[in-house]
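J.: start25.csv is reproduced below (CSV, C-alpha atoms).
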chain,number,residue,atom,x,y,z
A,1,MET,CA,-30.2,-1.8,4.0
A,2,THR,CA,-28.9,-0.4,0.7
A,3,GLN,CA,-29.3,3.3,0.4
A,4,LYS,CA,-28.9,5.6,-2.5
A,5,LEU,CA,-26.3,8.3,-2.3
A,6,VAL,CA,-27.4,11.8,-1.6
A,7,ALA,CA,-26.5,13.6,-4.8
A,8,GLY,CA,-27.2,16.8,-6.8
A,9,LEU,CA,-27.3,19.1,-3.8
A,10,GLU,CA,-26.7,22.8,-4.6
A,11,PRO,CA,-24.0,24.5,-2.5
A,12,PRO,CA,-23.9,26.1,-0.1
A,13,TYR,CA,-25.3,23.5,2.4
A,14,TYR,CA,-24.1,22.0,5.7
A,15,THR,CA,-23.0,18.6,6.8
A,16,ALA,CA,-23.1,17.1,10.3
A,17,LEU,CA,-20.4,14.4,10.1
A,18,PHE,CA,-20.5,11.9,12.9
A,19,THR,CA,-17.7,9.3,13.2
A,20,SER,CA,-17.8,6.7,16.0
A,21,ILE,CA,-16.5,3.5,17.4
A,22,ARG,CA,-18.9,1.2,19.3
A,23,PRO,CA,-19.6,-2.5,19.8
A,24,ASP,CA,-21.3,-4.2,16.8
A,25,ALA,CA,-24.9,-4.4,18.0
A,26,PRO,CA,-25.5,-2.9,21.5
A,27,GLU,CA,-28.8,-3.4,23.1
A,28,GLY,CA,-31.4,-0.8,22.0
A,29,TYR,CA,-29.2,0.7,19.4
A,30,ALA,CA,-31.0,-0.4,16.3
A,31,GLU,CA,-34.4,0.9,17.5
A,32,THR,CA,-33.0,4.3,18.5
A,33,ALA,CA,-31.1,4.6,15.2
A,34,SER,CA,-34.3,3.9,13.3
A,35,ARG,CA,-36.3,6.4,15.4
A,36,MET,CA,-33.6,9.1,14.8
A,37,GLN,CA,-33.8,8.5,11.0
A,38,GLU,CA,-37.6,9.0,11.3
A,39,ILE,CA,-37.5,12.2,13.2
A,40,VAL,CA,-34.6,13.9,11.3
A,41,LYS,CA,-36.8,13.7,8.2
A,42,GLU,CA,-39.3,16.0,9.8
A,43,ILE,CA,-36.7,18.8,10.3
A,44,PRO,CA,-37.3,21.6,7.6
A,45,GLY,CA,-34.1,22.0,5.7
A,46,PHE,CA,-33.0,18.4,6.2
A,47,LEU,CA,-31.7,17.2,2.8
A,48,GLY,CA,-30.8,13.6,3.4
A,49,TYR,CA,-28.2,11.3,5.1
A,50,GLU,CA,-25.8,8.5,4.4
A,51,ALA,CA,-24.4,6.0,6.9
A,52,ALA,CA,-21.7,3.4,6.6
A,53,ARG,CA,-20.0,1.1,9.1
A,54,THR,CA,-17.2,-1.4,8.8
A,55,PRO,CA,-18.0,-4.4,11.0
A,56,GLY,CA,-15.6,-4.2,13.9
A,57,GLY,CA,-14.4,-0.8,12.8
A,58,ILE,CA,-15.5,2.8,12.3
A,59,GLY,CA,-19.0,4.1,11.7
A,60,ILE,CA,-19.5,7.3,9.7
A,61,THR,CA,-22.9,9.0,9.3
A,62,VAL,CA,-23.4,12.3,7.5
A,63,ALA,CA,-26.6,14.3,7.5
A,64,TYR,CA,-27.1,17.2,5.0
A,65,PHE,CA,-28.9,20.4,5.9
A,66,ARG,CA,-29.8,23.5,3.9
A,67,ASP,CA,-28.6,25.9,6.5
A,68,LEU,CA,-27.2,26.2,10.1
A,69,GLU,CA,-30.7,26.8,11.4
A,70,SER,CA,-32.0,23.4,10.2
A,71,LEU,CA,-28.8,21.7,11.5
A,72,ASP,CA,-29.2,23.3,14.9
A,73,ALA,CA,-32.9,22.3,15.0
A,74,TRP,CA,-31.7,18.7,14.7
A,75,ARG,CA,-28.9,19.2,17.1
A,76,LEU,CA,-31.2,20.6,19.7
A,77,ASP,CA,-34.1,18.3,19.2
A,78,THR,CA,-35.0,16.9,22.7
A,79,GLU,CA,-35.5,13.3,21.6
A,80,HIS,CA,-32.2,13.5,19.7
A,81,GLN,CA,-30.4,15.0,22.7
A,82,ALA,CA,-31.7,12.2,25.0
A,83,ALA,CA,-30.5,9.6,22.5
A,84,LYS,CA,-27.0,11.2,22.5
A,85,THR,CA,-26.8,11.2,26.2
A,86,TYR,CA,-27.9,7.5,26.3
A,87,GLY,CA,-25.4,6.7,23.6
A,88,ARG,CA,-22.5,8.2,25.5
A,89,GLU,CA,-23.5,6.3,28.6
A,90,HIS,CA,-24.2,2.9,26.9
A,91,TRP,CA,-23.0,2.5,23.4
A,92,TYR,CA,-20.0,4.6,22.2
A,93,ASP,CA,-16.4,4.1,23.0
A,94,SER,CA,-15.7,7.3,21.2
A,95,TYR,CA,-17.1,9.7,18.6
A,96,SER,CA,-16.5,13.0,16.9
A,97,VAL,CA,-18.8,15.5,15.3
A,98,HIS,CA,-17.7,17.9,12.6
A,99,ILE,CA,-20.0,20.6,11.4
A,100,GLY,CA,-19.1,21.7,7.9
A,101,LYS,CA,-20.2,24.2,5.3
A,102,VAL,CA,-20.0,22.8,1.8
A,103,GLU,CA,-19.1,25.2,-1.0
A,104,ARG,CA,-18.1,22.7,-3.6
A,105,SER,CA,-19.4,19.3,-4.5
A,106,TYR,CA,-19.9,16.9,-7.5
A,107,SER,CA,-21.3,13.6,-8.2
A,108,PHE,CA,-20.6,10.7,-10.6
A,109,GLU,CA,-23.1,8.1,-11.7
A,110,ARG,CA,-22.3,5.3,-14.1
A,111,GLU,CA,-24.5,5.5,-17.3
B,1,MET,CA,-8.5,-2.9,9.9
B,2,THR,CA,-9.5,-1.0,13.1
B,3,GLN,CA,-8.6,2.6,13.0
B,4,LYS,CA,-8.6,5.2,15.6
B,5,LEU,CA,-10.9,8.2,15.2
B,6,VAL,CA,-9.4,11.5,14.1
B,7,ALA,CA,-10.1,13.7,17.1
B,8,GLY,CA,-8.9,17.0,18.7
B,9,LEU,CA,-8.6,19.0,15.5
B,10,GLU,CA,-8.6,22.7,15.9
B,11,PRO,CA,-11.1,24.5,13.6
B,12,PRO,CA,-11.1,25.8,11.0
B,13,TYR,CA,-10.1,22.9,8.9
B,14,TYR,CA,-11.4,21.2,5.7
B,15,THR,CA,-13.0,17.9,4.9
B,16,ALA,CA,-13.0,16.0,1.7
B,17,LEU,CA,-16.0,13.7,2.1
B,18,PHE,CA,-16.3,10.9,-0.4
B,19,THR,CA,-19.4,8.7,-0.5
B,20,SER,CA,-19.6,5.8,-2.9
B,21,ILE,CA,-21.4,2.6,-4.1
B,22,ARG,CA,-19.3,-0.1,-5.7
B,23,PRO,CA,-19.0,-3.9,-5.7
B,24,ASP,CA,-17.5,-5.5,-2.6
B,25,ALA,CA,-14.0,-6.3,-3.8
B,26,PRO,CA,-13.3,-5.2,-7.4
B,27,GLU,CA,-10.0,-6.2,-8.9
B,28,GLY,CA,-7.2,-3.9,-8.1
B,29,TYR,CA,-9.2,-1.9,-5.7
B,30,ALA,CA,-7.4,-2.8,-2.4
B,31,GLU,CA,-3.9,-2.2,-3.8
B,32,THR,CA,-4.9,1.2,-5.1
B,33,ALA,CA,-6.7,2.2,-1.9
B,34,SER,CA,-3.7,1.2,0.1
B,35,ARG,CA,-1.4,3.2,-2.2
B,36,MET,CA,-3.7,6.3,-1.9
B,37,GLN,CA,-3.5,6.1,1.9
B,38,GLU,CA,0.2,6.1,1.6
B,39,ILE,CA,0.6,9.1,-0.7
B,40,VAL,CA,-2.0,11.3,1.0
B,41,LYS,CA,0.1,11.2,4.2
B,42,GLU,CA,2.9,13.0,2.3
B,43,ILE,CA,0.7,16.0,1.6
B,44,PRO,CA,1.6,18.9,3.9
B,45,GLY,CA,-1.5,19.9,5.8
B,46,PHE,CA,-3.1,16.5,5.7
B,47,LEU,CA,-4.5,15.8,9.2
B,48,GLY,CA,-5.9,12.3,9.0
B,49,TYR,CA,-8.6,10.2,7.4
B,50,GLU,CA,-11.4,7.8,8.4
B,51,ALA,CA,-13.1,5.2,6.2
B,52,ALA,CA,-16.2,3.0,6.8
B,53,ARG,CA,-18.1,0.7,4.5
B,54,THR,CA,-21.2,-1.3,5.1
B,55,PRO,CA,-20.8,-4.6,3.2
B,56,GLY,CA,-23.2,-4.4,0.2
B,57,GLY,CA,-24.0,-0.8,1.0
B,58,ILE,CA,-22.4,2.6,1.1
B,59,GLY,CA,-18.8,3.5,1.6
B,60,ILE,CA,-17.8,6.8,3.2
B,61,THR,CA,-14.3,8.2,3.5
B,62,VAL,CA,-13.4,11.5,5.0
B,63,ALA,CA,-10.0,13.1,4.7
B,64,TYR,CA,-9.1,16.1,6.9
B,65,PHE,CA,-6.9,19.0,5.7
B,66,ARG,CA,-5.5,22.1,7.4
B,67,ASP,CA,-6.5,24.4,4.5
B,68,LEU,CA,-7.9,24.5,0.9
B,69,GLU,CA,-4.3,24.5,-0.5
B,70,SER,CA,-3.5,21.2,1.1
B,71,LEU,CA,-6.8,19.7,0.0
B,72,ASP,CA,-6.2,20.9,-3.5
B,73,ALA,CA,-2.7,19.5,-3.5
B,74,TRP,CA,-4.3,16.1,-2.8
B,75,ARG,CA,-7.1,16.6,-5.3
B,76,LEU,CA,-4.7,17.5,-8.1
B,77,ASP,CA,-2.0,14.9,-7.3
B,78,THR,CA,-1.4,13.1,-10.6
B,79,GLU,CA,-1.4,9.6,-9.1
B,80,HIS,CA,-4.6,10.3,-7.3
B,81,GLN,CA,-6.2,11.7,-10.4
B,82,ALA,CA,-5.2,8.6,-12.4
B,83,ALA,CA,-6.8,6.4,-9.6
B,84,LYS,CA,-10.0,8.5,-9.8
B,85,THR,CA,-10.2,8.0,-13.6
B,86,TYR,CA,-9.6,4.3,-13.3
B,87,GLY,CA,-12.2,4.1,-10.5
B,88,ARG,CA,-14.9,5.7,-12.5
B,89,GLU,CA,-14.2,3.4,-15.4
B,90,HIS,CA,-13.9,0.2,-13.4
B,91,TRP,CA,-15.1,0.3,-9.8
B,92,TYR,CA,-17.7,2.8,-8.9
B,93,ASP,CA,-21.4,2.7,-9.6
B,94,SER,CA,-21.8,6.1,-8.2
B,95,TYR,CA,-20.0,8.5,-5.9
B,96,SER,CA,-20.2,12.1,-4.5
B,97,VAL,CA,-17.5,14.4,-3.2
B,98,HIS,CA,-18.4,17.2,-0.8
B,99,ILE,CA,-15.7,19.8,0.2
B,100,GLY,CA,-16.5,21.3,3.5
B,101,LYS,CA,-15.1,23.9,5.9
B,102,VAL,CA,-15.4,22.9,9.5
B,103,GLU,CA,-15.9,25.7,12.0
B,104,ARG,CA,-17.3,23.6,14.9
B,105,SER,CA,-16.4,20.2,16.1
B,106,TYR,CA,-16.2,18.1,19.3
B,107,SER,CA,-15.2,14.7,20.4
B,108,PHE,CA,-16.2,12.2,23.1
B,109,GLU,CA,-14.1,9.4,24.5
B,110,ARG,CA,-15.2,7.0,27.2
B,111,GLU,CA,-13.0,7.3,30.3
Could you render the structure from this file as structure tokens?

T.:
Amino acid sequence: MTQKLVAGLEPPYYTALFTSIRPDAPEGYAETASRMQEIVKEIPGFLGYEAARTPGGIGITVAYFRDLESLDAWRLDTEHQAAKTYGREHWYDSYSVHIGKVERSYSFERE
Amino acid sequence: MTQKLVAGLEPPYYTALFTSIRPDAPEGYAETASRMQEIVKEIPGFLGYEAARTPGGIGITVAYFRDLESLDAWRLDTEHQAAKTYGREHWYDSYSVHIGKVERSYSFERE
């Protein structure tokens, strides 16, 4: 799936940065990832997300939120929490989550 | 190249999040990327980086810094600036940079 970059956001906004190492295609992963992408879009204040994964290497996903309240709504979503618990038990070798506040950003797009 | 995740950082710290779309293997890219990884490690306050790229899709790189001063030292490094200019002219279709301050983070590692 080719995505477009999330661009043109007005600071301040928040990022939930998720970096992980897992096997390439664990059972059930694709369905859950697709469902998570569906429900995060319903969170008021969700501004977009980007995901990248080097085959056999690291995966990085970043979700953008208008404020901490919208980020926390996503963090505490019960279906999301269940997916995280399942992921720790079945999919991930390791992951980190970094919650950041963005005060500066810029974008480049080729003419 | 399999990396290890950057984990166990003590907030607060800063992230330079770089998301991009470019052709798979443009001429000169690999050499420059490797050189940038070399010189960023010399910046005092640099804490590590992670990179992921879905073939044919989005690339995401995140570099971690102790403070804004170390992040700015990297941003203003002359060799880095020359690489960015070259990249805009030759490699990237689009990119975004988001500078964030991390106040909360956590990590998981399978036993």

J.: With all atoms listed in the file as the atoms that count, which of A:Ala16, A:Ile60, A:Val40, A:Leu71 lies nearest to chain B?

T.: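 Using all atoms listed in the file, chain B sits closest to A:Ile60.
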
J.: Just give me the gap between atom CA of Tyr64 of chain B and atom CA of Phe46 of chain B in Å, one decimal is fine.

T.: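 One can read the atom CA of Tyr64 of chain B to atom CA of Phe46 of chain B distance as 6.1 Å.
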
J.: Can I get the residues of chain B within 6 Å of chain A, each with the closest pair of atoms and their distance in Å to one decimal, using all atoms listed in the file, sorted chain first then ascending number, as CSV?

T.:
residue,atom,partner,partner_atom,distance
B:Thr2,CA,A:Gly57,CA,4.9
B:Ala52,CA,A:Arg53,CA,4.8
B:Arg53,CA,A:Thr54,CA,4.9
B:Thr54,CA,A:Arg53,CA,4.8
B:Gly57,CA,A:Thr2,CA,4.9
B:Ile58,CA,A:Ala52,CA,5.6
B:Gly59,CA,A:Ala52,CA,5.8
B:Asp93,CA,A:Arg110,CA,5.3
B:Ser94,CA,A:Glu109,CA,4.2
B:Tyr95,CA,A:Phe108,CA,5.2
B:Ser96,CA,A:Ser107,CA,4.1
B:Val97,CA,A:Ser105,CA,5.4
B:His98,CA,A:Ser105,CA,4.4
B:Ile99,CA,A:Arg104,CA,5.3
B:Gly100,CA,A:Val102,CA,4.2
B:Lys101,CA,A:Gly100,CA,5.0
B:Val102,CA,A:Gly100,CA,4.2
B:Arg104,CA,A:Ile99,CA,5.3
B:Ser105,CA,A:His98,CA,4.4
B:Tyr106,CA,A:Val97,CA,5.4
B:Ser107,CA,A:Ser96,CA,4.1
B:Phe108,CA,A:Tyr95,CA,5.2
B:Glu109,CA,A:Ser94,CA,4.2
B:Arg110,CA,A:Asp93,CA,5.2

J.: Provide the atom CA of Thr85 of chain A to atom CA of Ala63 of chain A distance in Å, to one decimal place.

T.: 19.0 Å

J.: Please measure the separation of atom CA of Thr78 of chain B and atom CA of Ile39 of chain B, giving the value in Å to one decimal.

T.: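 For atom CA of Thr78 of chain B relative to atom CA of Ile39 of chain B, the distance reads 10.9 Å.
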
J.: What's around Ala30 of chain B at 12 Å? Count only C-alpha atoms, leave out sequence neighbours fewer than 5 positions away in its own chain, and write the answer as an MDAnalysis selection string.

T.: chainID B and resid 24:25 35:37 83 87 91

J.: Let me have the centre and edge lengths of the axis-aligned box enclosing all listed atoms of segment 62-67 of chain A with 5 Å padding on every side, in Å to one decimal, as AutoDock Vina command-line options.

T.:
--center_x -26.6 --center_y 19.1 --center_z 5.7 --size_x 16.4 --size_y 23.6 --size_z 13.6

J.: Can you work out which one of B:Arg66, B:Ala33, B:Pro26, B:Gly48 has the shortest atom-to-atom distance to Glu10 of chain B, counting only C-alpha atoms?

T.: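 Closest to Glu10 of chain B of all the choices is B:Arg66.
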